[in-house]
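Student: Dropping in data06.cif, with mmCIF, C-alpha atoms and all ligand atoms.
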```cif
data_upload
#
loop_
_atom_site.group_PDB
_atom_site.id
_atom_site.type_symbol
_atom_site.label_atom_id
_atom_site.label_comp_id
_atom_site.auth_asym_id
_atom_site.auth_seq_id
_atom_site.Cartn_x
_atom_site.Cartn_y
_atom_site.Cartn_z
ATOM 1 C CA MET A 4 -45.223 55.363 101.791
ATOM 2 C CA GLY A 5 -46.842 54.597 98.429
ATOM 3 C CA VAL A 6 -50.524 54.233 97.545
ATOM 4 C CA THR A 7 -51.801 50.925 98.943
ATOM 5 C CA LEU A 8 -53.378 48.790 96.268
ATOM 6 C CA PRO A 9 -56.308 46.368 96.509
ATOM 7 C CA ALA A 10 -55.807 42.658 95.812
ATOM 8 C CA PHE A 11 -55.605 42.034 92.076
ATOM 9 C CA THR A 12 -56.141 38.738 90.285
ATOM 10 C CA PRO A 13 -53.078 37.472 88.370
ATOM 11 C CA LEU A 14 -54.762 38.622 85.137
ATOM 12 C CA GLU A 15 -55.316 42.148 86.459
ATOM 13 C CA ASP A 16 -51.841 42.131 87.936
ATOM 14 C CA SER A 17 -50.381 41.840 84.410
ATOM 15 C CA LEU A 18 -50.935 45.595 84.019
ATOM 16 C CA PHE A 19 -47.982 46.337 86.295
ATOM 17 C CA LEU A 20 -45.511 44.694 83.925
ATOM 18 C CA THR A 21 -46.403 46.981 81.003
ATOM 19 C CA LEU A 22 -46.753 50.041 83.234
ATOM 20 C CA TYR A 23 -43.275 49.369 84.634
ATOM 21 C CA ALA A 24 -41.825 48.908 81.132
ATOM 22 C CA ARG A 25 -43.160 52.329 80.064
ATOM 23 C CA ALA A 26 -41.793 53.897 83.271
ATOM 24 C CA LEU A 27 -38.363 52.360 82.605
ATOM 25 C CA ASP A 28 -38.516 53.606 79.013
ATOM 26 C CA ASN A 29 -39.093 57.096 80.394
ATOM 27 C CA ARG A 30 -35.910 56.775 82.487
ATOM 28 C CA ARG A 31 -33.786 55.995 79.413
ATOM 29 C CA ALA A 32 -31.709 58.811 77.906
ATOM 30 C CA HIS A 33 -33.626 58.501 74.594
ATOM 31 C CA SER A 34 -37.112 57.531 75.670
ATOM 32 C CA ILE A 35 -39.344 56.185 72.901
ATOM 33 C CA LEU A 36 -42.678 57.097 74.490
ATOM 34 C CA GLY A 37 -41.752 59.763 77.053
ATOM 35 C CA ASP A 38 -44.473 58.650 79.478
ATOM 36 C CA ALA A 39 -43.500 60.716 82.526
ATOM 37 C CA GLU A 40 -46.878 60.039 84.175
ATOM 38 C CA ALA A 41 -46.223 56.250 84.066
ATOM 39 C CA ASP A 42 -42.899 56.904 85.754
ATOM 40 C CA ARG A 43 -44.554 59.030 88.459
ATOM 41 C CA LEU A 44 -47.178 56.341 88.983
ATOM 42 C CA VAL A 45 -44.598 53.601 89.472
ATOM 43 C CA ASP A 46 -42.922 55.750 92.121
ATOM 44 C CA LYS A 47 -46.247 56.399 93.797
ATOM 45 C CA LEU A 48 -47.624 52.841 94.029
ATOM 46 C CA ASP A 49 -46.853 50.445 96.844
ATOM 47 C CA TYR A 50 -46.005 47.546 94.508
ATOM 48 C CA ASP A 51 -43.009 45.226 94.185
ATOM 49 C CA PHE A 52 -41.875 46.202 90.676
ATOM 50 C CA ASP A 53 -38.433 44.653 91.367
ATOM 51 C CA GLN A 54 -39.950 41.189 90.911
ATOM 52 C CA PHE A 55 -40.013 41.813 87.140
ATOM 53 C CA HIS A 56 -36.903 40.908 85.179
ATOM 54 C CA VAL A 57 -37.557 43.077 82.154
ATOM 55 C CA ASP A 58 -34.808 43.325 79.572
ATOM 56 C CA THR A 59 -34.126 46.378 77.414
ATOM 57 C CA ASN A 60 -35.742 44.844 74.328
ATOM 58 C CA PHE A 61 -38.997 44.244 76.213
ATOM 59 C CA ILE A 62 -39.005 47.863 77.432
ATOM 60 C CA LEU A 63 -38.369 49.186 73.908
ATOM 61 C CA ASN A 64 -41.098 47.016 72.418
ATOM 62 C CA VAL A 65 -43.729 47.910 75.015
ATOM 63 C CA ALA A 66 -42.938 51.613 74.607
ATOM 64 C CA LEU A 67 -42.903 51.491 70.809
ATOM 65 C CA ARG A 68 -46.108 49.505 70.470
ATOM 66 C CA ALA A 69 -47.830 52.028 72.785
ATOM 67 C CA LYS A 70 -46.487 54.830 70.599
ATOM 68 C CA LYS A 71 -47.804 53.167 67.409
ATOM 69 C CA LEU A 72 -51.239 52.697 68.986
ATOM 70 C CA ASP A 73 -51.156 56.341 70.111
ATOM 71 C CA GLN A 74 -50.323 57.420 66.552
ATOM 72 C CA VAL A 75 -53.199 55.432 65.037
ATOM 73 C CA THR A 76 -55.544 56.898 67.640
ATOM 74 C CA SER A 77 -54.436 60.510 67.379
ATOM 75 C CA ARG A 78 -54.670 60.467 63.554
ATOM 76 C CA PHE A 79 -58.206 59.107 63.805
ATOM 77 C CA LEU A 80 -59.232 61.683 66.407
ATOM 78 C CA ALA A 81 -57.730 64.511 64.345
ATOM 79 C CA SER A 82 -60.045 63.648 61.452
ATOM 80 C CA HIS A 83 -63.054 62.595 63.600
ATOM 81 C CA PRO A 84 -63.470 65.220 66.349
ATOM 82 C CA ASP A 85 -66.892 63.740 67.216
ATOM 83 C CA ALA A 86 -65.432 60.263 67.825
ATOM 84 C CA VAL A 87 -65.496 57.967 70.796
ATOM 85 C CA GLY A 88 -62.231 56.307 71.824
ATOM 86 C CA LEU A 89 -62.023 52.972 73.630
ATOM 87 C CA ASP A 90 -59.001 51.438 75.318
ATOM 88 C CA LEU A 91 -59.807 47.784 76.055
ATOM 89 C CA GLY A 92 -57.927 46.296 79.002
ATOM 90 C CA ALA A 93 -56.562 49.766 79.728
ATOM 91 C CA GLY A 94 -54.936 48.798 83.019
ATOM 92 C CA LEU A 95 -53.172 51.869 84.425
ATOM 93 C CA ASP A 96 -52.013 53.017 81.015
ATOM 94 C CA THR A 97 -51.902 56.807 80.750
ATOM 95 C CA ARG A 98 -52.895 56.794 77.053
ATOM 96 C CA VAL A 99 -55.770 59.239 77.557
ATOM 97 C CA LEU A 100 -53.338 61.683 79.191
ATOM 98 C CA ARG A 101 -50.744 61.201 76.454
ATOM 99 C CA LEU A 102 -53.357 61.802 73.749
ATOM 100 C CA ALA A 103 -55.286 64.542 75.543
ATOM 101 C CA PRO A 104 -58.307 64.153 73.229
ATOM 102 C CA PRO A 105 -60.314 67.333 72.533
ATOM 103 C CA PRO A 106 -63.479 67.940 74.616
ATOM 104 C CA THR A 107 -65.648 66.839 71.670
ATOM 105 C CA VAL A 108 -64.288 63.286 71.987
ATOM 106 C CA ASP A 109 -65.514 60.862 74.636
ATOM 107 C CA TRP A 110 -62.829 58.448 75.813
ATOM 108 C CA TYR A 111 -63.527 55.157 77.605
ATOM 109 C CA ASP A 112 -60.972 53.090 79.516
ATOM 110 C CA ILE A 113 -62.343 49.612 80.065
ATOM 111 C CA ASP A 114 -60.948 46.992 82.435
ATOM 112 C CA PHE A 115 -62.104 44.838 85.341
ATOM 113 C CA PRO A 116 -63.795 46.852 88.143
ATOM 114 C CA THR A 117 -60.880 46.559 90.618
ATOM 115 C CA VAL A 118 -58.578 48.014 87.991
ATOM 116 C CA THR A 119 -60.855 50.864 86.931
ATOM 117 C CA ALA A 120 -61.512 51.794 90.579
ATOM 118 C CA THR A 121 -57.733 51.977 91.094
ATOM 119 C CA ARG A 122 -57.371 54.024 87.898
ATOM 120 C CA GLU A 123 -59.803 56.591 89.262
ATOM 121 C CA GLU A 124 -57.872 56.740 92.516
ATOM 122 C CA VAL A 125 -54.337 57.071 91.185
ATOM 123 C CA LEU A 126 -54.560 58.781 87.786
ATOM 124 C CA PRO A 127 -55.667 62.353 87.149
ATOM 125 C CA GLY A 128 -59.156 62.562 85.610
ATOM 126 C CA ARG A 129 -60.271 64.469 82.522
ATOM 127 C CA ALA A 130 -63.750 65.836 81.854
ATOM 128 C CA ASN A 131 -64.256 63.703 78.728
ATOM 129 C CA ALA A 132 -62.568 60.537 80.040
ATOM 130 C CA HIS A 133 -64.731 57.758 81.447
ATOM 131 C CA VAL A 134 -63.941 54.390 82.958
ATOM 132 C CA ILE A 135 -66.022 51.246 82.627
ATOM 133 C CA GLY A 136 -65.384 48.430 85.076
ATOM 134 C CA ALA A 137 -66.320 45.295 83.145
ATOM 135 C CA ASP A 138 -65.136 42.086 81.579
ATOM 136 C CA VAL A 139 -64.829 42.908 77.871
ATOM 137 C CA ARG A 140 -66.177 39.423 77.080
ATOM 138 C CA ASP A 141 -69.579 40.506 78.464
ATOM 139 C CA SER A 142 -71.884 42.360 76.128
ATOM 140 C CA ASP A 143 -73.766 44.789 78.401
ATOM 141 C CA TRP A 144 -70.925 47.297 79.032
ATOM 142 C CA LEU A 145 -70.965 48.341 75.392
ATOM 143 C CA GLU A 146 -74.574 49.522 75.753
ATOM 144 C CA THR A 147 -73.357 52.367 77.996
ATOM 145 C CA ILE A 148 -71.257 53.793 75.136
ATOM 146 C CA PRO A 149 -73.046 56.056 72.649
ATOM 147 C CA THR A 150 -73.694 54.505 69.306
ATOM 148 C CA GLY A 151 -73.921 56.572 66.110
ATOM 149 C CA ARG A 152 -70.417 58.063 66.432
ATOM 150 C CA PRO A 153 -67.209 56.884 64.755
ATOM 151 C CA ALA A 154 -64.997 54.888 67.109
ATOM 152 C CA VAL A 155 -61.315 54.293 67.507
ATOM 153 C CA ILE A 156 -60.639 51.183 69.560
ATOM 154 C CA VAL A 157 -57.258 50.110 70.871
ATOM 155 C CA ALA A 158 -56.162 47.144 72.956
ATOM 156 C CA ASP A 159 -52.601 47.182 74.222
ATOM 157 C CA GLY A 160 -51.417 43.931 75.774
ATOM 158 C CA MET A 161 -54.913 42.525 76.266
ATOM 159 C CA MET A 162 -55.746 40.283 73.372
ATOM 160 C CA ALA A 163 -53.321 37.524 74.392
ATOM 161 C CA PHE A 164 -55.622 36.862 77.354
ATOM 162 C CA LEU A 165 -58.669 36.054 75.217
ATOM 163 C CA THR A 166 -59.350 32.887 73.291
ATOM 164 C CA GLN A 167 -59.753 33.314 69.558
ATOM 165 C CA ASP A 168 -63.529 32.777 69.865
ATOM 166 C CA GLU A 169 -63.792 35.438 72.599
ATOM 167 C CA LEU A 170 -61.823 37.855 70.482
ATOM 168 C CA VAL A 171 -63.918 37.280 67.355
ATOM 169 C CA ALA A 172 -67.140 37.732 69.359
ATOM 170 C CA LEU A 173 -65.806 40.971 70.878
ATOM 171 C CA TRP A 174 -64.773 42.453 67.519
ATOM 172 C CA ASN A 175 -68.158 41.537 66.026
ATOM 173 C CA ARG A 176 -69.981 43.302 68.863
ATOM 174 C CA LEU A 177 -67.798 46.397 68.411
ATOM 175 C CA VAL A 178 -68.208 46.493 64.646
ATOM 176 C CA SER A 179 -71.989 46.250 64.920
ATOM 177 C CA HIS A 180 -72.211 48.866 67.704
ATOM 178 C CA PHE A 181 -70.534 51.720 65.813
ATOM 179 C CA PRO A 182 -71.307 53.017 62.301
ATOM 180 C CA SER A 183 -67.598 53.106 61.371
ATOM 181 C CA GLY A 184 -64.213 53.168 62.989
ATOM 182 C CA GLU A 185 -60.773 51.735 63.397
ATOM 183 C CA ILE A 186 -59.377 48.988 65.604
ATOM 184 C CA ALA A 187 -55.714 48.542 66.454
ATOM 185 C CA PHE A 188 -54.016 46.127 68.791
ATOM 186 C CA ASN A 189 -50.655 44.504 69.340
ATOM 187 C CA SER A 190 -50.752 41.093 67.798
ATOM 188 C CA TYR A 191 -48.761 37.938 68.249
ATOM 189 C CA THR A 192 -47.723 35.257 65.799
ATOM 190 C CA ARG A 193 -47.874 31.674 67.005
ATOM 191 C CA PHE A 194 -44.124 31.877 67.583
ATOM 192 C CA LEU A 195 -44.486 35.039 69.702
ATOM 193 C CA ILE A 196 -47.146 33.365 71.824
ATOM 194 C CA TRP A 197 -44.768 30.463 72.381
ATOM 195 C CA THR A 198 -42.022 32.950 73.318
ATOM 196 C CA ALA A 199 -44.319 34.848 75.711
ATOM 197 C CA LYS A 200 -45.068 31.569 77.453
ATOM 198 C CA HIS A 201 -41.385 30.677 77.840
ATOM 199 C CA ALA A 202 -39.435 33.978 78.159
ATOM 200 C CA ARG A 203 -38.172 35.035 81.586
ATOM 201 C CA GLY A 204 -39.456 38.631 81.200
ATOM 202 C CA THR A 205 -43.081 37.507 80.674
ATOM 203 C CA LYS A 206 -43.011 34.578 83.128
ATOM 204 C CA SER A 207 -45.598 36.298 85.346
ATOM 205 C CA VAL A 208 -48.272 36.100 82.607
ATOM 206 C CA ALA A 209 -47.275 32.847 80.880
ATOM 207 C CA ASP A 210 -50.100 30.727 82.334
ATOM 208 C CA LEU A 211 -52.738 33.354 81.521
ATOM 209 C CA VAL A 212 -52.141 33.494 77.772
ATOM 210 C CA LYS A 213 -55.075 31.962 75.853
ATOM 211 C CA PHE A 214 -54.716 33.377 72.355
ATOM 212 C CA PRO A 215 -53.167 30.833 69.952
ATOM 213 C CA GLY A 216 -51.396 33.499 67.862
ATOM 214 C CA MET A 217 -52.156 34.950 64.432
ATOM 215 C CA ASP A 218 -49.698 34.446 61.564
ATOM 216 C CA ASP A 219 -51.773 36.281 58.954
ATOM 217 C CA ALA A 220 -52.802 39.881 59.677
ATOM 218 C CA ARG A 221 -55.628 39.490 57.142
ATOM 219 C CA ALA A 222 -57.284 36.768 59.284
ATOM 220 C CA PRO A 223 -59.659 39.248 61.054
ATOM 221 C CA GLU A 224 -61.084 40.174 57.626
ATOM 222 C CA SER A 225 -62.741 36.762 57.698
ATOM 223 C CA TRP A 226 -64.052 37.356 61.238
ATOM 224 C CA ASN A 227 -66.325 40.158 60.031
ATOM 225 C CA PRO A 228 -66.862 41.263 56.405
ATOM 226 C CA LYS A 229 -66.666 44.953 57.427
ATOM 227 C CA LEU A 230 -63.135 44.626 58.857
ATOM 228 C CA GLN A 231 -60.386 45.667 56.446
ATOM 229 C CA LEU A 232 -56.687 45.575 57.203
ATOM 230 C CA VAL A 233 -55.187 49.076 57.031
ATOM 231 C CA ARG A 234 -51.640 48.103 57.929
ATOM 232 C CA GLU A 235 -49.594 45.471 59.664
ATOM 233 C CA ILE A 236 -46.993 47.529 61.538
ATOM 234 C CA LEU A 237 -43.828 45.504 62.074
ATOM 235 C CA LEU A 238 -42.004 47.382 64.817
ATOM 236 C CA SER A 239 -38.537 46.347 63.597
ATOM 237 C CA ARG A 240 -39.242 48.393 60.454
ATOM 238 C CA GLU A 241 -40.412 51.553 62.216
ATOM 239 C CA PRO A 242 -38.199 54.688 62.165
ATOM 240 C CA GLU A 243 -37.950 54.814 65.985
ATOM 241 C CA VAL A 244 -35.631 51.789 65.825
ATOM 242 C CA ALA A 245 -32.900 54.308 64.919
ATOM 243 C CA GLU A 246 -33.230 55.628 68.507
ATOM 244 C CA PHE A 247 -32.715 52.171 70.086
ATOM 245 C CA PRO A 248 -29.413 51.451 71.879
ATOM 246 C CA PRO A 249 -26.783 50.194 69.374
ATOM 247 C CA GLY A 250 -27.098 46.421 70.017
ATOM 248 C CA TRP A 251 -30.892 46.326 69.770
ATOM 249 C CA ARG A 252 -30.829 48.824 66.895
ATOM 250 C CA ARG A 253 -28.618 46.468 64.853
ATOM 251 C CA TYR A 254 -30.769 43.473 65.816
ATOM 252 C CA HIS A 255 -33.985 45.155 64.618
ATOM 253 C CA GLN A 256 -32.363 46.644 61.519
ATOM 254 C CA LEU A 257 -31.221 43.159 60.572
ATOM 255 C CA ALA A 258 -34.670 41.692 61.281
ATOM 256 C CA ALA A 259 -36.228 44.446 59.133
ATOM 257 C CA HIS A 260 -34.632 42.943 55.999
ATOM 258 C CA ARG A 261 -37.045 40.016 56.008
ATOM 259 C CA THR A 262 -40.769 40.114 56.743
ATOM 260 C CA ALA A 263 -40.607 36.722 58.461
ATOM 261 C CA TRP A 264 -37.814 37.961 60.745
ATOM 262 C CA SER A 265 -39.697 41.188 61.529
ATOM 263 C CA ARG A 266 -42.766 39.149 62.424
ATOM 264 C CA ALA A 267 -40.681 37.409 65.073
ATOM 265 C CA GLY A 268 -40.805 40.759 66.899
ATOM 266 C CA THR A 269 -43.660 42.962 68.046
ATOM 267 C CA ILE A 270 -46.522 43.617 65.645
ATOM 268 C CA VAL A 271 -49.331 46.165 65.751
ATOM 269 C CA VAL A 272 -52.272 45.475 63.463
ATOM 270 C CA HIS A 273 -54.638 48.196 62.317
ATOM 271 C CA TYR A 274 -58.090 47.721 60.735
ATOM 272 C CA ARG A 275 -60.952 49.897 59.616
ATOM 273 C CA PHE A 276 -64.648 49.072 59.449
HETATM 274 C C1 LIG B 1 -50.844 43.354 80.106
HETATM 275 S S1 LIG B 1 -52.100 44.296 80.840
HETATM 276 C C2 LIG B 1 -52.064 45.711 79.784
HETATM 277 C C3 LIG B 1 -52.690 46.899 80.445
HETATM 278 C C4 LIG B 1 -52.585 48.191 79.628
HETATM 279 N N1 LIG B 1 -53.265 48.093 78.372
HETATM 280 C C5 LIG B 1 -51.143 48.542 79.416
HETATM 281 O O1 LIG B 1 -50.704 48.565 78.258
HETATM 282 O O2 LIG B 1 -50.475 48.790 80.411
HETATM 283 C C6 LIG B 1 -53.600 43.504 80.341
HETATM 284 C C7 LIG B 1 -54.850 44.188 80.879
HETATM 285 O O3 LIG B 1 -55.984 43.579 80.281
HETATM 286 C C8 LIG B 1 -56.984 43.463 81.259
HETATM 287 N N2 LIG B 1 -57.883 42.395 80.837
HETATM 288 C C9 LIG B 1 -57.554 41.126 80.500
HETATM 289 N N3 LIG B 1 -58.650 40.432 80.187
HETATM 290 C C10 LIG B 1 -59.702 41.288 80.325
HETATM 291 C C11 LIG B 1 -61.111 41.148 80.182
HETATM 292 N N4 LIG B 1 -61.650 39.990 79.793
HETATM 293 N N5 LIG B 1 -61.894 42.216 80.438
HETATM 294 C C12 LIG B 1 -61.351 43.403 80.835
HETATM 295 N N6 LIG B 1 -60.016 43.591 80.991
HETATM 296 C C13 LIG B 1 -59.216 42.546 80.751
HETATM 297 C C14 LIG B 1 -56.220 43.143 82.538
HETATM 298 O O4 LIG B 1 -56.990 43.398 83.699
HETATM 299 C C15 LIG B 1 -55.012 44.061 82.391
HETATM 300 O O5 LIG B 1 -55.258 45.321 82.931
#
```
Please re-express this file's structure in structure tokens.
Ligand SMILES: C[S@@+](CC[C@H](N)C(=O)[O-])C[C@H]1O[C@@H](n2cnc3c(N)ncnc32)[C@H](O)[C@@H]1O
Tutor:
Amino acid sequence: MGVTLPAFTPLEDSLFLTLYARALDNRRAHSILGDAEADRLVDKLDYDFDQFHVDTNFILNVALRAKKLDQVTSRFLASHPDAVGLDLGAGLDTRVLRLAPPPTVDWYDIDFPTVTATREEVLPGRANAHVIGADVRDSDWLETIPTGRPAVIVADGMMAFLTQDELVALWNRLVSHFPSGEIAFNSYTRFLIWTAKHARGTKSVADLVKFPGMDDARAPESWNPKLQLVREILLSREPEVAEFPPGWRRYHQLAAHRTAWSRAGTIVVHYRF
């Protein structure tokens, strides 16, 4: 008998799709992320994961984008041991366990209260890991996070659920709260947003998507003058593609030849401020 879960809203429920994808990645012979804790969690929860029709490409993309966000975060923490880390819309992602930040770092997983309460129940805690149950569109939750320390902020699978105005307002609040930092999130072109709304694998979240899509990774530089693009990471061009199963490996290697084709796949964007 698995852990019984509270009732989630459809928006909160979207966390199970990405959690499941990372668990399935872990079950592959050549896992991209190696998230054994996600796999254990899926086994432990009383949830109908079979309802999701996730294809191999979706699994690979979810795992690889998580890995890229982990890499951005761990590099930042290695050079800023006094940092704070924020995972916005953290769901039941085990990022803080994968990264195991040093005790000098304070890590915050932020999501709606039902989700963070579940996180505390089902995931192992760490002394320097905190959860904040809040809607990221509100401003008061940020006041509980120390200011005056560099921040690394990631959002994995969350930004599609915000309107562009909500997203701009959120980034502006973050940039003014911390003296310096980095922000990274998985982004979507307009075409990807259209795909997410129509693909079978993401059917469960199609009606919740509010973000219109972003075709130019430099667009956030005009949201706030302090934001500077570090890198647009086109997953088709990342070295891990060599570990994909042959069919998907060839597909991504072909897409990698053209920037426009690569942008039709998953993108992680990385900024500093
Ligand atoms: C697709 S899930 C991704 C969860 C997690 N980051 C992962 O990769 O598994 C999106 C998450 O964003 C959260 N979310 C969406 N809008 C939010 C908001 N306005 N405030 C807080 N959390 C939000 C949802 O509750 C959900 O947990």
Student: Write out as a list in words which residues come within 7 Å of segment 24-36 of chain A when counting all atoms listed in the file, dropping same-chain ones fewer than 4 positions away.
Tutor: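 The neighbour list is Leu20, Ala41, Asp42, Val45, Ile62, Leu63, Val65, Ala66, Leu67, Lys70 and Glu246 of chain A.
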Student: Figure out the distance between atom CA of Phe61 of chain A and atom CA of Thr198 of chain A, please, to one decimal in Å.
Tutor: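 Separation of atom CA of Thr198 of chain A and atom CA of Phe61 of chain A: 12.0 Å.
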Student: Enter the distance from atom CA of Glu243 of chain A to atom CA of Met162 of chain A, in Å, rounded to one decimal.
Tutor: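 Value for the atom CA of Glu243 of chain A-atom CA of Met162 of chain A distance: 24.1 Å.
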Student: Using the chain letters and numbers from this file, what does the PyMOL selection byres (((chain A and resi 52) around 10) and not hetatm) select? Give the answer as a ChimeraX atom specification.
Tutor: /A:19-20,22-24,45-46,48-51,53-56
Student: Please indicate the distance in Å from atom C15 of ligand LIG 1 (chain B) to atom CA of Leu89 of chain A, rounded to one decimal place.
Tutor: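 According to the coordinates, atom C15 of ligand LIG 1 (chain B) and atom CA of Leu89 of chain A are separated by 14.3 Å.
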Student: Expanded to explicit residues, what is the PyMOL selection byres (((chain A and resi 96) around 10) and not hetatm) for this file, as a PDB file with C-alpha atoms, keeping the file's coordinate frame?
Tutor:
```pdb
ATOM      1  CA  LEU A  18     -50.935  45.595  84.019  1.00  0.00           C
ATOM      2  CA  PHE A  19     -47.982  46.337  86.295  1.00  0.00           C
ATOM      3  CA  THR A  21     -46.403  46.981  81.003  1.00  0.00           C
ATOM      4  CA  LEU A  22     -46.753  50.041  83.234  1.00  0.00           C
ATOM      5  CA  ARG A  25     -43.160  52.329  80.064  1.00  0.00           C
ATOM      6  CA  ASP A  38     -44.473  58.650  79.478  1.00  0.00           C
ATOM      7  CA  GLU A  40     -46.878  60.039  84.175  1.00  0.00           C
ATOM      8  CA  ALA A  41     -46.223  56.250  84.066  1.00  0.00           C
ATOM      9  CA  LEU A  44     -47.178  56.341  88.983  1.00  0.00           C
ATOM     10  CA  ALA A  69     -47.830  52.028  72.785  1.00  0.00           C
ATOM     11  CA  ASP A  90     -59.001  51.438  75.318  1.00  0.00           C
ATOM     12  CA  GLY A  92     -57.927  46.296  79.002  1.00  0.00           C
ATOM     13  CA  ALA A  93     -56.562  49.766  79.728  1.00  0.00           C
ATOM     14  CA  GLY A  94     -54.936  48.798  83.019  1.00  0.00           C
ATOM     15  CA  LEU A  95     -53.172  51.869  84.425  1.00  0.00           C
ATOM     16  CA  THR A  97     -51.902  56.807  80.750  1.00  0.00           C
ATOM     17  CA  ARG A  98     -52.895  56.794  77.053  1.00  0.00           C
ATOM     18  CA  VAL A  99     -55.770  59.239  77.557  1.00  0.00           C
ATOM     19  CA  LEU A 100     -53.338  61.683  79.191  1.00  0.00           C
ATOM     20  CA  ARG A 101     -50.744  61.201  76.454  1.00  0.00           C
ATOM     21  CA  ASP A 112     -60.972  53.090  79.516  1.00  0.00           C
ATOM     22  CA  ARG A 122     -57.371  54.024  87.898  1.00  0.00           C
ATOM     23  CA  LEU A 126     -54.560  58.781  87.786  1.00  0.00           C
ATOM     24  CA  ASP A 159     -52.601  47.182  74.222  1.00  0.00           C
TER      25      ASP A 159
END
```
Student: Name all residues at most 9 Å from Thr117 of chain A (count all atoms listed in the file; drop same-chain ones fewer than 5 positions away) and give them as a list in words.
Tutor: Pro9, Ala10, Phe11, Glu15, Arg122 and Gly136 of chain A
Student: From the list A:Val134, A:Leu237, A:Ala158, A:Leu170, which residue is nearest ligand LIG 1 (chain B) when using all atoms listed in the file?
Tutor: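 Comparing A:Val134, A:Leu237, A:Ala158, A:Leu170 against ligand LIG 1 (chain B), the winner is A:Ala158.
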Student: Check the smallest atom-to-atom distance from each of A:Arg275, A:Arg140, A:Arg234, A:Arg261 to ligand LIG 1 (chain B) using all atoms listed in the file, then report the winner.
Tutor: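 The shortest atom-to-atom distance to ligand LIG 1 (chain B) comes from A:Arg140.
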Student: Put a box with edges along x, y and z around all the listed atoms of ligand LIG 1 (chain B), pad it by 6 Å on each side, then give me its centre and sizes in Å, one decimal, as AutoDock Vina command-line options.
Tutor:
```
--center_x -56.2 --center_y 44.4 --center_z 81.0 --size_x 23.4 --size_y 20.8 --size_z 17.4
```
Student: Find the residue from A:Ile186, A:Leu211, A:Ala130, A:Val87 that sits nearest to ligand LIG 1 (chain B); use all atoms listed in the file when measuring.
Tutor: A:Leu211
Student: Between A:Ala222, A:Leu8, A:Ile148, A:Ala103, which one has atoms that come closest to Asp73 of chain A, using only C-alpha atoms?
Tutor: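 Between A:Ala222, A:Leu8, A:Ile148, A:Ala103, the residue approaching Asp73 of chain A most closely is A:Ala103.
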Student: Can you turn the PyMOL selection byres (((chain A and resi 109) around 9) and not hetatm) into a concrete residue list for this file, as a list of chain:residue names?
Tutor: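 Taken on the displayed file, the PyMOL selection byres (((chain A and resi 109) around 9) and not hetatm) yields the residues A:Asp85, A:Ala86, A:Val87, A:Gly88, A:Leu89, A:Pro104, A:Pro105, A:Pro106, A:Thr107, A:Val108, A:Trp110, A:Tyr111, A:Ala130, A:Asn131, A:Ala132, A:His133.
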Student: Name the residues in contact with Phe276 of chain A at a cut-off of 8 Å, using all atoms listed in the file, excluding same-chain residues fewer than 4 positions from it; report them as a PyMOL selection string.
Tutor: chain A and resi 178+183-185+229-231
Student: Tell me, as JSON, numbers by chain, which residues lie within 6 Å of Met217 of chain A, counting all atoms listed in the file; anything in the same chain fewer than 5 positions away does not count.
Tutor: {"A": [191, 192, 193]}
Student: Which of these, A:Phe181, A:Phe194, A:Phe247, A:Phe115, has the shortest distance to Met161 of chain A once you count all atoms listed in the file?
Tutor: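 With all atoms listed in the file as the atom set, the closest residue is A:Phe115.
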